[in-house]
$ cat query_15.tsv   # TSV, C-alpha atoms
chain	number	residue	atom	x	y	z
D	1488	MET	CA	-53.23	58.90	33.62
D	1489	TRP	CA	-54.88	55.57	33.06
D	1490	LEU	CA	-53.72	52.01	33.19
D	1491	LEU	CA	-55.24	49.10	31.30
D	1492	LEU	CA	-54.12	45.67	32.39
D	1493	ILE	CA	-54.86	42.71	30.12
D	1494	THR	CA	-53.26	39.35	30.77
D	1495	SER	CA	-53.61	36.18	28.79
D	1496	ALA	CA	-51.80	32.92	29.38
D	1497	ILE	CA	-52.32	29.35	28.29
D	1498	SER	CA	-52.13	26.81	31.11
D	1499	ILE	CA	-53.10	23.14	31.14
D	1500	PHE	CA	-53.27	21.18	34.34
D	1501	GLY	CA	-52.89	17.44	34.71
D	1502	GLY	CA	-54.77	15.46	37.32
D	1503	VAL	CA	-53.36	13.95	40.48
D	1504	HIS	CA	-55.12	11.84	43.07
D	1505	GLY	CA	-54.53	11.13	46.72
D	1506	LEU	CA	-56.05	11.53	50.13
D	1507	PHE	CA	-53.01	12.04	52.31
D	1508	GLY	CA	-51.12	14.98	53.75
D	1509	ILE	CA	-52.42	17.87	55.82
D	1510	LEU	CA	-55.30	19.85	54.37
D	1511	GLU	CA	-54.43	23.53	54.51
D	1512	PRO	CA	-57.12	26.21	54.89
D	1513	ASN	CA	-58.77	27.20	51.63
D	1514	ASN	CA	-58.48	30.73	50.31
D	1515	PRO	CA	-61.95	32.27	49.97
D	1516	GLU	CA	-61.00	33.77	46.59
D	1517	THR	CA	-61.04	30.29	45.09
D	1518	SER	CA	-64.79	30.46	44.48
D	1519	MET	CA	-65.13	34.23	43.95
D	1520	ASN	CA	-65.73	36.11	40.71
D	1521	ILE	CA	-63.48	39.00	39.65
D	1522	SER	CA	-65.51	41.75	41.32
D	1523	GLN	CA	-65.68	39.80	44.56
D	1524	MET	CA	-61.92	39.28	44.56
D	1525	ILE	CA	-61.31	42.99	44.02
D	1526	ASN	CA	-63.69	43.89	46.86
D	1527	TYR	CA	-62.17	41.21	49.08
D	1528	TRP	CA	-58.90	43.13	49.08
D	1529	GLY	CA	-60.65	46.37	49.97
D	1530	TYR	CA	-60.85	48.00	46.55
D	1531	PRO	CA	-63.90	49.36	44.75
D	1532	SER	CA	-64.93	47.58	41.56
D	1533	GLU	CA	-67.09	48.21	38.52
D	1534	GLU	CA	-68.19	45.61	35.96
D	1535	TYR	CA	-69.13	46.22	32.31
D	1536	GLY	CA	-70.21	44.14	29.34
D	1537	VAL	CA	-68.43	45.49	26.26
D	1538	VAL	CA	-69.95	44.34	22.96
D	1539	THR	CA	-67.58	43.82	20.05
D	1540	GLU	CA	-68.37	44.57	16.41
D	1541	ASP	CA	-69.05	40.87	15.80
D	1542	GLY	CA	-71.31	40.44	18.82
D	1543	TYR	CA	-69.15	39.05	21.63
D	1544	VAL	CA	-69.87	40.40	25.11
D	1545	LEU	CA	-66.61	40.90	26.99
D	1546	GLY	CA	-66.40	41.15	30.75
D	1547	VAL	CA	-64.40	44.29	31.57
D	1548	TYR	CA	-63.59	45.17	35.17
D	1549	ARG	CA	-62.48	48.44	36.69
D	1550	ILE	CA	-60.73	49.45	39.90
D	1551	PRO	CA	-61.41	53.20	39.70
D	1552	TYR	CA	-59.37	54.28	42.72
D	1553	GLY	CA	-57.41	52.89	45.63
D	1554	LYS	CA	-58.21	52.10	49.22
D	1555	SER	CA	-59.15	54.90	51.58
D	1556	ASN	CA	-56.15	56.57	53.22
D	1557	SER	CA	-53.74	54.43	51.26
D	1558	GLU	CA	-51.40	57.03	49.82
D	1559	ASN	CA	-48.41	54.86	50.72
D	1560	ILE	CA	-49.85	51.75	49.12
D	1561	ASP	CA	-51.59	52.68	45.92
D	1562	ALA	CA	-50.04	54.46	42.93
D	1563	GLY	CA	-53.23	56.33	42.06
D	1564	TYR	CA	-54.12	54.80	38.71
D	1565	ASP	CA	-57.51	53.90	37.31
D	1566	VAL	CA	-57.03	50.19	36.55
D	1567	TRP	CA	-59.04	48.28	33.94
D	1568	LEU	CA	-58.90	44.53	33.46
D	1569	GLY	CA	-60.01	43.12	30.13
D	1570	ASN	CA	-60.94	39.63	28.97
D	1571	SER	CA	-60.75	37.99	25.57
D	1572	ARG	CA	-63.66	36.15	23.99
D	1573	GLY	CA	-64.29	32.62	25.12
D	1574	ASN	CA	-62.78	32.73	28.59
D	1575	THR	CA	-64.79	32.32	31.79
D	1576	TRP	CA	-65.72	36.00	31.96
D	1577	SER	CA	-66.48	36.56	28.26
D	1578	ARG	CA	-68.63	33.68	27.13
D	1579	LYS	CA	-71.59	35.48	25.58
D	1580	ASN	CA	-72.49	36.55	22.06
D	1581	ILE	CA	-75.63	38.38	20.93
D	1582	TYR	CA	-75.90	36.17	17.83
D	1583	TYR	CA	-74.51	32.75	18.80
D	1584	SER	CA	-74.82	30.41	21.74
D	1585	PRO	CA	-71.58	29.20	23.36
D	1586	ASP	CA	-72.90	25.72	22.59
D	1587	SER	CA	-72.55	26.41	18.87
D	1588	VAL	CA	-69.56	25.85	16.59
D	1589	GLU	CA	-69.96	29.40	15.26
D	1590	PHE	CA	-69.30	30.90	18.70
D	1591	TRP	CA	-65.88	29.23	18.89
D	1592	ALA	CA	-64.73	30.07	15.34
D	1593	PHE	CA	-62.01	32.48	16.45
D	1594	SER	CA	-58.35	32.72	17.37
D	1595	PHE	CA	-56.15	35.56	18.58
D	1596	ASP	CA	-56.73	37.18	15.15
D	1597	GLU	CA	-60.25	38.14	16.22
D	1598	MET	CA	-59.12	39.10	19.70
D	1599	ALA	CA	-56.79	41.66	18.10
D	1600	LYS	CA	-59.24	42.78	15.43
D	1601	TYR	CA	-62.35	43.09	17.59
D	1602	ASP	CA	-61.81	42.52	21.33
D	1603	LEU	CA	-58.92	44.86	22.00
D	1604	PRO	CA	-60.31	47.80	19.97
D	1605	ALA	CA	-63.74	47.44	21.60
D	1606	THR	CA	-62.22	47.36	25.08
D	1607	ILE	CA	-59.84	50.27	24.55
D	1608	ASP	CA	-62.47	52.40	22.82
D	1609	PHE	CA	-64.88	51.77	25.69
D	1610	ILE	CA	-62.30	52.79	28.30
D	1611	VAL	CA	-61.30	55.93	26.42
D	1612	GLN	CA	-64.93	56.98	26.01
D	1613	LYS	CA	-65.82	56.16	29.60
D	1614	THR	CA	-62.89	58.01	31.14
D	1615	GLY	CA	-62.49	60.86	28.68
D	1616	GLN	CA	-58.78	60.15	28.43
D	1617	GLU	CA	-57.07	60.49	25.06
D	1618	LYS	CA	-54.47	57.82	25.80
D	1619	ILE	CA	-54.04	54.88	28.17
D	1620	TYR	CA	-51.25	52.54	29.22
D	1621	TYR	CA	-51.53	48.97	27.99
D	1622	VAL	CA	-50.04	46.07	29.95
D	1623	GLY	CA	-50.12	42.65	28.31
D	1624	HIS	CA	-48.80	39.26	29.32
D	1625	SER	CA	-48.22	36.34	26.92
D	1626	GLN	CA	-51.11	36.27	24.42
D	1627	GLY	CA	-52.04	39.70	25.74
D	1628	THR	CA	-48.84	40.93	24.10
D	1629	THR	CA	-49.59	39.00	20.92
D	1630	ILE	CA	-52.91	40.74	20.35
D	1631	GLY	CA	-51.26	44.05	21.21
D	1632	PHE	CA	-48.58	43.55	18.53
D	1633	ILE	CA	-51.24	42.74	15.95
D	1634	ALA	CA	-53.73	45.45	16.88
D	1635	PHE	CA	-51.24	48.28	17.23
D	1636	SER	CA	-49.42	47.43	13.98
D	1637	THR	CA	-52.57	47.06	11.85
D	1638	ASN	CA	-54.88	49.65	13.42
D	1639	PRO	CA	-53.16	53.07	13.46
D	1640	SER	CA	-56.14	54.89	14.97
D	1641	LEU	CA	-56.14	52.44	17.90
D	1642	ALA	CA	-52.38	52.74	18.30
D	1643	LYS	CA	-52.75	56.50	18.81
D	1644	LYS	CA	-54.74	55.80	21.97
D	1645	ILE	CA	-51.85	53.94	23.62
D	1646	LYS	CA	-49.33	55.97	25.58
D	1647	THR	CA	-46.97	53.06	26.28
D	1648	PHE	CA	-47.18	49.30	25.75
D	1649	TYR	CA	-45.72	47.28	28.63
D	1650	ALA	CA	-45.05	43.75	27.37
D	1651	LEU	CA	-44.44	40.88	29.80
D	1652	ALA	CA	-43.22	37.55	28.40
D	1653	PRO	CA	-43.96	38.72	24.84
D	1654	VAL	CA	-44.98	36.16	22.24
D	1655	ALA	CA	-44.93	36.67	18.48
D	1656	THR	CA	-43.06	33.76	16.90
D	1657	VAL	CA	-42.71	30.45	18.76
D	1658	GLN	CA	-39.94	29.04	16.59
D	1659	TYR	CA	-37.70	28.19	19.55
D	1660	ALA	CA	-40.33	27.46	22.20
D	1661	GLU	CA	-39.65	24.28	24.16
D	1662	SER	CA	-43.05	24.00	25.78
D	1663	PRO	CA	-44.88	20.68	25.35
D	1664	LEU	CA	-47.63	22.81	23.80
D	1665	LYS	CA	-45.41	23.03	20.74
D	1666	LYS	CA	-45.73	19.27	20.33
D	1667	LEU	CA	-49.31	19.89	19.22
D	1668	SER	CA	-47.88	21.33	16.01
D	1669	ILE	CA	-46.94	17.88	14.75
D	1670	ILE	CA	-50.57	16.77	14.74
D	1671	PRO	CA	-52.23	17.13	11.29
D	1672	THR	CA	-55.12	19.58	11.27
D	1673	PHE	CA	-57.77	16.95	10.55
D	1674	LEU	CA	-56.54	14.82	13.46
D	1675	PHE	CA	-56.21	17.89	15.70
D	1676	LYS	CA	-59.90	18.66	15.19
D	1677	ALA	CA	-60.85	15.03	15.62
D	1678	LEU	CA	-59.03	14.94	18.95
D	1679	PHE	CA	-60.04	18.30	20.36
D	1680	GLY	CA	-63.26	19.13	18.51
D	1681	ASN	CA	-64.13	22.53	17.07
D	1682	LYS	CA	-65.46	24.37	20.10
D	1683	MET	CA	-63.83	25.08	23.44
D	1684	PHE	CA	-60.34	23.73	24.03
D	1685	MET	CA	-59.93	24.25	27.75
D	1686	ALA	CA	-62.95	24.72	29.96
D	1687	HIS	CA	-62.56	25.43	33.63
D	1688	ASN	CA	-64.76	23.10	35.60
D	1689	TYR	CA	-65.37	21.76	39.06
D	1690	PHE	CA	-62.68	19.11	38.67
D	1691	ASP	CA	-59.97	21.76	38.30
D	1692	GLN	CA	-61.27	23.52	41.40
D	1693	PHE	CA	-61.38	20.24	43.32
D	1694	ILE	CA	-57.76	19.54	42.41
D	1695	GLY	CA	-56.79	22.94	43.77
D	1696	THR	CA	-58.73	22.83	47.03
D	1697	GLU	CA	-58.87	19.16	47.98
D	1698	VAL	CA	-55.68	17.73	46.53
D	1699	CYS	CA	-53.04	20.33	45.74
D	1700	SER	CA	-53.54	22.10	49.04
D	1701	ARG	CA	-52.25	19.04	50.88
D	1702	GLU	CA	-48.65	19.69	51.82
D	1703	VAL	CA	-47.27	16.37	50.59
D	1704	LEU	CA	-48.65	16.98	47.09
D	1705	ASP	CA	-47.58	20.61	46.66
D	1706	LEU	CA	-44.50	19.73	44.62
D	1707	LEU	CA	-46.34	17.24	42.42
D	1708	CYS	CA	-49.14	19.70	41.69
D	1709	SER	CA	-46.64	22.45	41.01
D	1710	ASN	CA	-45.04	20.31	38.36
D	1711	THR	CA	-48.35	19.56	36.66
D	1712	LEU	CA	-49.35	23.21	36.78
D	1713	PHE	CA	-46.14	24.44	35.23
D	1714	VAL	CA	-45.38	21.59	32.87
D	1715	PHE	CA	-46.43	23.68	29.88
D	1716	CYS	CA	-45.10	27.03	31.07
D	1717	GLY	CA	-41.96	26.31	33.05
D	1718	PHE	CA	-41.36	25.80	36.77
D	1719	ASP	CA	-39.97	28.05	39.49
D	1720	LYS	CA	-41.26	26.68	42.80
D	1721	LYS	CA	-39.00	28.82	44.98
D	1722	ASN	CA	-40.72	31.94	43.64
D	1723	LEU	CA	-44.29	30.62	43.92
D	1724	ASN	CA	-46.56	31.25	46.88
D	1725	VAL	CA	-47.87	27.70	47.20
D	1726	SER	CA	-50.37	28.76	49.86
D	1727	ARG	CA	-52.41	30.34	47.05
D	1728	PHE	CA	-52.36	27.29	44.83
D	1729	ASP	CA	-56.07	26.70	45.30
D	1730	VAL	CA	-56.75	30.20	43.96
D	1731	TYR	CA	-54.66	29.60	40.85
D	1732	LEU	CA	-56.38	26.34	40.05
D	1733	GLY	CA	-59.74	27.72	41.13
D	1734	HIS	CA	-59.70	30.07	38.14
D	1735	ASN	CA	-57.47	28.31	35.62
D	1736	PRO	CA	-57.67	27.23	32.89
D	1737	ALA	CA	-60.22	29.84	31.87
D	1738	GLY	CA	-60.82	28.39	28.41
D	1739	THR	CA	-60.24	29.33	24.81
D	1740	SER	CA	-61.19	27.96	21.40
D	1741	THR	CA	-59.65	24.95	19.72
D	1742	GLN	CA	-59.06	27.25	16.74
D	1743	ASP	CA	-56.89	29.49	18.92
D	1744	ILE	CA	-54.68	26.56	19.93
D	1745	LEU	CA	-54.60	25.37	16.31
D	1746	HIS	CA	-53.42	28.84	15.28
D	1747	TRP	CA	-50.51	28.59	17.72
D	1748	ALA	CA	-49.70	25.14	16.34
D	1749	GLN	CA	-49.57	26.66	12.85
D	1750	LEU	CA	-47.12	29.31	14.04
D	1751	ALA	CA	-44.95	26.64	15.62
D	1752	ARG	CA	-44.81	24.81	12.28
D	1753	SER	CA	-44.15	27.88	10.14
D	1754	GLY	CA	-41.87	29.79	12.47
D	1755	LYS	CA	-43.71	32.94	11.33
D	1756	PHE	CA	-45.97	35.49	12.95
D	1757	GLN	CA	-49.00	35.36	10.68
D	1758	ALA	CA	-52.78	35.17	10.52
D	1759	PHE	CA	-54.76	31.96	10.84
D	1760	ASN	CA	-54.44	29.53	7.93
D	1761	TRP	CA	-57.95	28.48	6.94
D	1762	GLY	CA	-56.67	25.31	5.32
D	1763	SER	CA	-56.93	25.95	1.59
D	1764	SER	CA	-56.00	28.56	-0.99
D	1765	SER	CA	-59.65	29.26	-1.72
D	1766	GLN	CA	-60.55	29.77	1.95
D	1767	ASN	CA	-57.54	32.00	2.53
D	1768	MET	CA	-58.47	33.97	-0.59
D	1769	LEU	CA	-61.95	34.41	0.82
D	1770	HIS	CA	-60.66	35.74	4.13
D	1771	TYR	CA	-57.52	37.61	3.06
D	1772	ASN	CA	-57.77	38.10	-0.70
D	1773	GLN	CA	-54.58	36.06	-1.04
D	1774	GLU	CA	-53.81	32.36	-1.07
D	1775	THR	CA	-51.66	32.32	2.06
D	1776	PRO	CA	-52.17	33.93	5.47
D	1777	PRO	CA	-50.64	37.42	5.69
D	1778	ASP	CA	-47.66	37.98	7.96
D	1779	TYR	CA	-47.96	40.41	10.84
D	1780	ASP	CA	-45.33	43.13	10.62
D	1781	VAL	CA	-44.47	44.28	14.14
D	1782	SER	CA	-42.08	46.87	12.69
D	1783	ALA	CA	-45.20	48.81	11.68
D	1784	MET	CA	-46.04	49.33	15.36
D	1785	THR	CA	-44.76	52.74	16.45
D	1786	VAL	CA	-46.25	52.64	19.97
D	1787	PRO	CA	-43.55	53.12	22.63
D	1788	ILE	CA	-42.89	49.74	24.23
D	1789	ALA	CA	-41.06	48.36	27.26
D	1790	VAL	CA	-40.30	44.63	27.37
D	1791	TRP	CA	-39.59	42.19	30.19
D	1792	ASN	CA	-38.83	38.56	29.37
D	1793	GLY	CA	-37.63	35.52	31.26
D	1794	GLY	CA	-34.40	33.67	30.65
D	1795	ASN	CA	-36.05	30.39	31.67
D	1796	ASP	CA	-39.26	30.87	29.67
D	1797	ILE	CA	-40.17	27.84	27.56
D	1798	LEU	CA	-43.07	29.60	25.79
D	1799	ALA	CA	-41.65	33.07	25.13
D	1800	ASP	CA	-38.21	31.63	24.47
D	1801	PRO	CA	-35.32	34.12	24.79
D	1802	GLN	CA	-34.29	33.36	21.21
D	1803	ASP	CA	-37.72	34.29	19.88
D	1804	VAL	CA	-37.67	37.46	21.99
D	1805	ALA	CA	-34.19	38.27	20.65
D	1806	MET	CA	-35.58	38.10	17.10
D	1807	LEU	CA	-38.53	40.29	18.07
D	1808	LEU	CA	-36.71	43.17	19.78
D	1809	PRO	CA	-34.82	44.58	16.73
D	1810	LYS	CA	-38.14	44.77	14.85
D	1811	LEU	CA	-39.67	47.14	17.40
D	1812	PRO	CA	-39.00	50.69	16.14
D	1813	ASN	CA	-39.89	52.41	19.41
D	1814	LEU	CA	-38.38	50.08	22.02
D	1815	ARG	CA	-37.82	52.19	25.14
D	1816	TYR	CA	-36.66	49.56	27.60
D	1817	HIS	CA	-35.79	45.88	27.79
D	1818	LYS	CA	-34.95	43.66	30.73
D	1819	GLU	CA	-34.33	39.94	30.77
D	1820	ILE	CA	-34.84	38.30	34.16
D	1821	LEU	CA	-32.73	35.17	33.88
D	1822	PRO	CA	-34.47	32.91	36.45
D	1823	TYR	CA	-38.02	33.80	35.29
D	1824	ASN	CA	-40.33	31.42	33.51
D	1825	HIS	CA	-43.55	32.29	31.69
D	1826	LEU	CA	-45.84	32.63	34.69
D	1827	ASP	CA	-43.41	34.34	37.06
D	1828	PHE	CA	-44.47	37.69	35.63
D	1829	ILE	CA	-47.90	37.32	37.21
D	1830	TRP	CA	-47.34	34.94	40.15
D	1831	ALA	CA	-43.72	35.29	41.31
D	1832	MET	CA	-43.36	36.58	44.84
D	1833	ASN	CA	-40.67	39.03	43.75
D	1834	ALA	CA	-42.52	40.28	40.63
D	1835	PRO	CA	-43.16	43.70	42.23
D	1836	GLN	CA	-39.44	44.23	42.76
D	1837	GLU	CA	-38.40	42.80	39.40
D	1838	VAL	CA	-41.14	44.25	37.18
D	1839	TYR	CA	-44.05	46.21	38.61
D	1840	ASN	CA	-42.10	48.88	40.49
D	1841	GLU	CA	-40.06	49.63	37.37
D	1842	MET	CA	-43.24	49.90	35.34
D	1843	LEU	CA	-44.74	52.37	37.81
D	1844	SER	CA	-41.56	54.44	37.79
D	1845	MET	CA	-41.73	54.69	34.00
D	1846	MET	CA	-45.33	55.81	34.20
D	1847	ALA	CA	-44.43	58.41	36.80
D	1848	GLU	CA	-41.72	59.79	34.50
D	1849	ASP	CA	-44.36	60.26	31.78
$ encode --input "query_15.tsv" --output "structure tokens"
Amino acid sequence: MWLLLITSAISIFGGVHGLFGILEPNNPETSMNISQMINYWGYPSEEYGVVTEDGYVLGVYRIPYGKSNSENIDAGYDVWLGNSRGNTWSRKNIYYSPDSVEFWAFSFDEMAKYDLPATIDFIVQKTGQEKIYYVGHSQGTTIGFIAFSTNPSLAKKIKTFYALAPVATVQYAESPLKKLSIIPTFLFKALFGNKMFMAHNYFDQFIGTEVCSREVLDLLCSNTLFVFCGFDKKNLNVSRFDVYLGHNPAGTSTQDILHWAQLARSGKFQAFNWGSSSQNMLHYNQETPPDYDVSAMTVPIAVWNGGNDILADPQDVAMLLPKLPNLRYHKEILPYNHLDFIWAMNAPQEVYNEMLSMMAED
């Protein structure tokens, strides 16, 4: 059996300043790449560059087996970690430079149409497996819903879809990110440009290692970190804060954020609106963006969502669930916010162990 793990979350961090408090030791992972982090914890790693149909080179990472003599620790799966175009680990294209506008002309539409199929096809071919498990978080679920409902041949390669904090519509989202939807498109582009929206840089890393690691500022930094995704400090390991900020935000396109703003305005789950009837006709052969029909996705799916999630709002999730024709399991974890599914200290007990049990039953 094979497990593919793809996570995608949008996080924006504000800046804080100060030179007081006790400086805690830095985690070495703060400045490591993905392979180095995997090796740091004693696991083997493999790194691949998967080329999509439209020329993007995606960083795909593999943990082929567990630690030596670790039968009581590891579950025995071959784990693959994928990345979407434009983030820190997938910022290459064989045709365009990342300095060009053309490179950044994408949203989650293209991630679903090109990135996910290329990654899954590569894994299937590399391993010889007919089917794999797909685990997605946040936008990782979004591209799964799109890809598996519009690409039947790809859907046949998925044994089960495990969706954490699933996002399709954002009609009820209370995140400040939704406030971007009130900005007219022309002003949105004037403010944020037409290339990368969030680039990780040295300043973010400095905030994590030199400021947020000081005990007095932990709470303040936690609030800035989670302002867009919700806050659950009691379930966060603050000693690893420098690692979180050392690798986030990883970056995406302005067009991707604009696409989410469009969904917030429309309340629908649909393709990117290119701004005019003629442009939409050119891209879709119709004057308006097509809706994505998740009811066309027959892949077995298990869903976990948070009752305190301000991005994947429980009301949006409640509208999504009845549309899933092959829903096998659903659990709402009332205290959870959007990022608890990947960073909460009790996530193994609340989510991961259940997921592994379901895989074992298969």
$ atom_distance --input "query_15.tsv" --atom1 "CA of Ala1655 in chain D" --atom2 "CA of Leu1821 in chain D"
19.7 Å
$ atom_distance --input "query_15.tsv" --atom1 "CA of Tyr1823 in chain D" --atom2 "CA of Ile1744 in chain D"
23.8 Å
$ atom_distance --input "query_15.tsv" --atom1 "CA of Phe1632 in chain D" --atom2 "CA of His1770 in chain D"
20.4 Å
$ residues_around --input "query_15.tsv" --residues "Arg1572 in chain D" --least-positions-apart "3" --cutoff "12 Å" --atoms "all atoms listed in the file" --output "PDB file with C-alpha atoms, keeping the file's coordinate frame"
ATOM      1  CA  SER D1495     -53.610  36.180  28.790  1.00  0.00           C
ATOM      2  CA  GLY D1536     -70.210  44.140  29.340  1.00  0.00           C
ATOM      3  CA  VAL D1537     -68.430  45.490  26.260  1.00  0.00           C
ATOM      4  CA  VAL D1538     -69.950  44.340  22.960  1.00  0.00           C
ATOM      5  CA  THR D1539     -67.580  43.820  20.050  1.00  0.00           C
ATOM      6  CA  ASP D1541     -69.050  40.870  15.800  1.00  0.00           C
ATOM      7  CA  GLY D1542     -71.310  40.440  18.820  1.00  0.00           C
ATOM      8  CA  TYR D1543     -69.150  39.050  21.630  1.00  0.00           C
ATOM      9  CA  VAL D1544     -69.870  40.400  25.110  1.00  0.00           C
ATOM     10  CA  LEU D1545     -66.610  40.900  26.990  1.00  0.00           C
ATOM     11  CA  GLY D1546     -66.400  41.150  30.750  1.00  0.00           C
ATOM     12  CA  VAL D1547     -64.400  44.290  31.570  1.00  0.00           C
ATOM     13  CA  GLY D1569     -60.010  43.120  30.130  1.00  0.00           C
ATOM     14  CA  THR D1575     -64.790  32.320  31.790  1.00  0.00           C
ATOM     15  CA  TRP D1576     -65.720  36.000  31.960  1.00  0.00           C
ATOM     16  CA  SER D1577     -66.480  36.560  28.260  1.00  0.00           C
ATOM     17  CA  ARG D1578     -68.630  33.680  27.130  1.00  0.00           C
ATOM     18  CA  LYS D1579     -71.590  35.480  25.580  1.00  0.00           C
ATOM     19  CA  ASN D1580     -72.490  36.550  22.060  1.00  0.00           C
ATOM     20  CA  PRO D1585     -71.580  29.200  23.360  1.00  0.00           C
ATOM     21  CA  PHE D1590     -69.300  30.900  18.700  1.00  0.00           C
ATOM     22  CA  TRP D1591     -65.880  29.230  18.890  1.00  0.00           C
ATOM     23  CA  ALA D1592     -64.730  30.070  15.340  1.00  0.00           C
ATOM     24  CA  PHE D1593     -62.010  32.480  16.450  1.00  0.00           C
ATOM     25  CA  SER D1594     -58.350  32.720  17.370  1.00  0.00           C
ATOM     26  CA  PHE D1595     -56.150  35.560  18.580  1.00  0.00           C
ATOM     27  CA  ASP D1596     -56.730  37.180  15.150  1.00  0.00           C
ATOM     28  CA  GLU D1597     -60.250  38.140  16.220  1.00  0.00           C
ATOM     29  CA  MET D1598     -59.120  39.100  19.700  1.00  0.00           C
ATOM     30  CA  ALA D1599     -56.790  41.660  18.100  1.00  0.00           C
ATOM     31  CA  LYS D1600     -59.240  42.780  15.430  1.00  0.00           C
ATOM     32  CA  TYR D1601     -62.350  43.090  17.590  1.00  0.00           C
ATOM     33  CA  ASP D1602     -61.810  42.520  21.330  1.00  0.00           C
ATOM     34  CA  LEU D1603     -58.920  44.860  22.000  1.00  0.00           C
ATOM     35  CA  ALA D1605     -63.740  47.440  21.600  1.00  0.00           C
ATOM     36  CA  THR D1606     -62.220  47.360  25.080  1.00  0.00           C
ATOM     37  CA  MET D1683     -63.830  25.080  23.440  1.00  0.00           C
ATOM     38  CA  ALA D1737     -60.220  29.840  31.870  1.00  0.00           C
ATOM     39  CA  GLY D1738     -60.820  28.390  28.410  1.00  0.00           C
ATOM     40  CA  THR D1739     -60.240  29.330  24.810  1.00  0.00           C
ATOM     41  CA  SER D1740     -61.190  27.960  21.400  1.00  0.00           C
ATOM     42  CA  ASP D1743     -56.890  29.490  18.920  1.00  0.00           C
TER      43      ASP D1743
END
$ closest_residue --input "query_15.tsv" --among "D:Ala1847, D:Leu1678, D:Val1730, D:Ile1788" --to "Met1519 in chain D" --atoms "all atoms listed in the file"
D:Val1730
$ residues_near_point --input "query_15.tsv" --point "(-47.3, 36.4, 14.0)" --cutoff "12 Å" --atoms "all atoms listed in the file" --output "PyMOL selection string"
chain D and resi 1595-1596+1599+1626+1628-1634+1636+1653-1658+1746-1760+1776-1782+1803+1807
$ axis_aligned_box --input "query_15.tsv" --around "range 1784-1793 of chain D" --padding-each-side "6 Å" --output "lines of an AutoDock Vina configuration file"
center_x = -41.9
center_y = 44.3
center_z = 23.3
size_x = 20.6
size_y = 29.6
size_z = 27.9
$ closest_residue --input "query_15.tsv" --among "D:Ala1831, D:Thr1672, D:Trp1567, D:Ala1652" --to "Trp1761 in chain D" --atoms "all atoms listed in the file"
D:Thr1672
$ closest_residue --input "query_15.tsv" --among "D:Lys1721, D:Lys1618, D:Lys1666, D:His1825" --to "Lys1646 in chain D" --atoms "only C-alpha atoms"
D:Lys1618
$ closest_residue --input "query_15.tsv" --among "D:Asn1526, D:Asn1724, D:Thr1785, D:Ser1662" --to "Ser1640 in chain D" --atoms "all atoms listed in the file"
D:Thr1785
$ closest_residue --input "query_15.tsv" --among "D:Leu1843, D:Ala1783, D:Met1832, D:Val1611" --to "Tyr1649 in chain D" --atoms "only C-alpha atoms"
D:Leu1843
$ closest_residue --input "query_15.tsv" --among "D:Thr1647, D:Lys1720, D:Gly1573, D:Val1622" --to "Asp1586 in chain D" --atoms "only C-alpha atoms"
D:Gly1573
$ residues_around --input "query_15.tsv" --residues "Ser1522 in chain D" --least-positions-apart "6" --cutoff "8 Å" --atoms "all atoms listed in the file" --output "short mmCIF file (atom, residue, chain, number, x, y, z; two decimals) with C-alpha atoms, in the coordinates of the input"
data_model
loop_
_atom_site.label_atom_id
_atom_site.label_comp_id
_atom_site.auth_asym_id
_atom_site.auth_seq_id
_atom_site.Cartn_x
_atom_site.Cartn_y
_atom_site.Cartn_z
CA SER D 1532 -64.93 47.58 41.56
CA GLU D 1533 -67.09 48.21 38.52
CA GLU D 1534 -68.19 45.61 35.96
CA TYR D 1548 -63.59 45.17 35.17
#
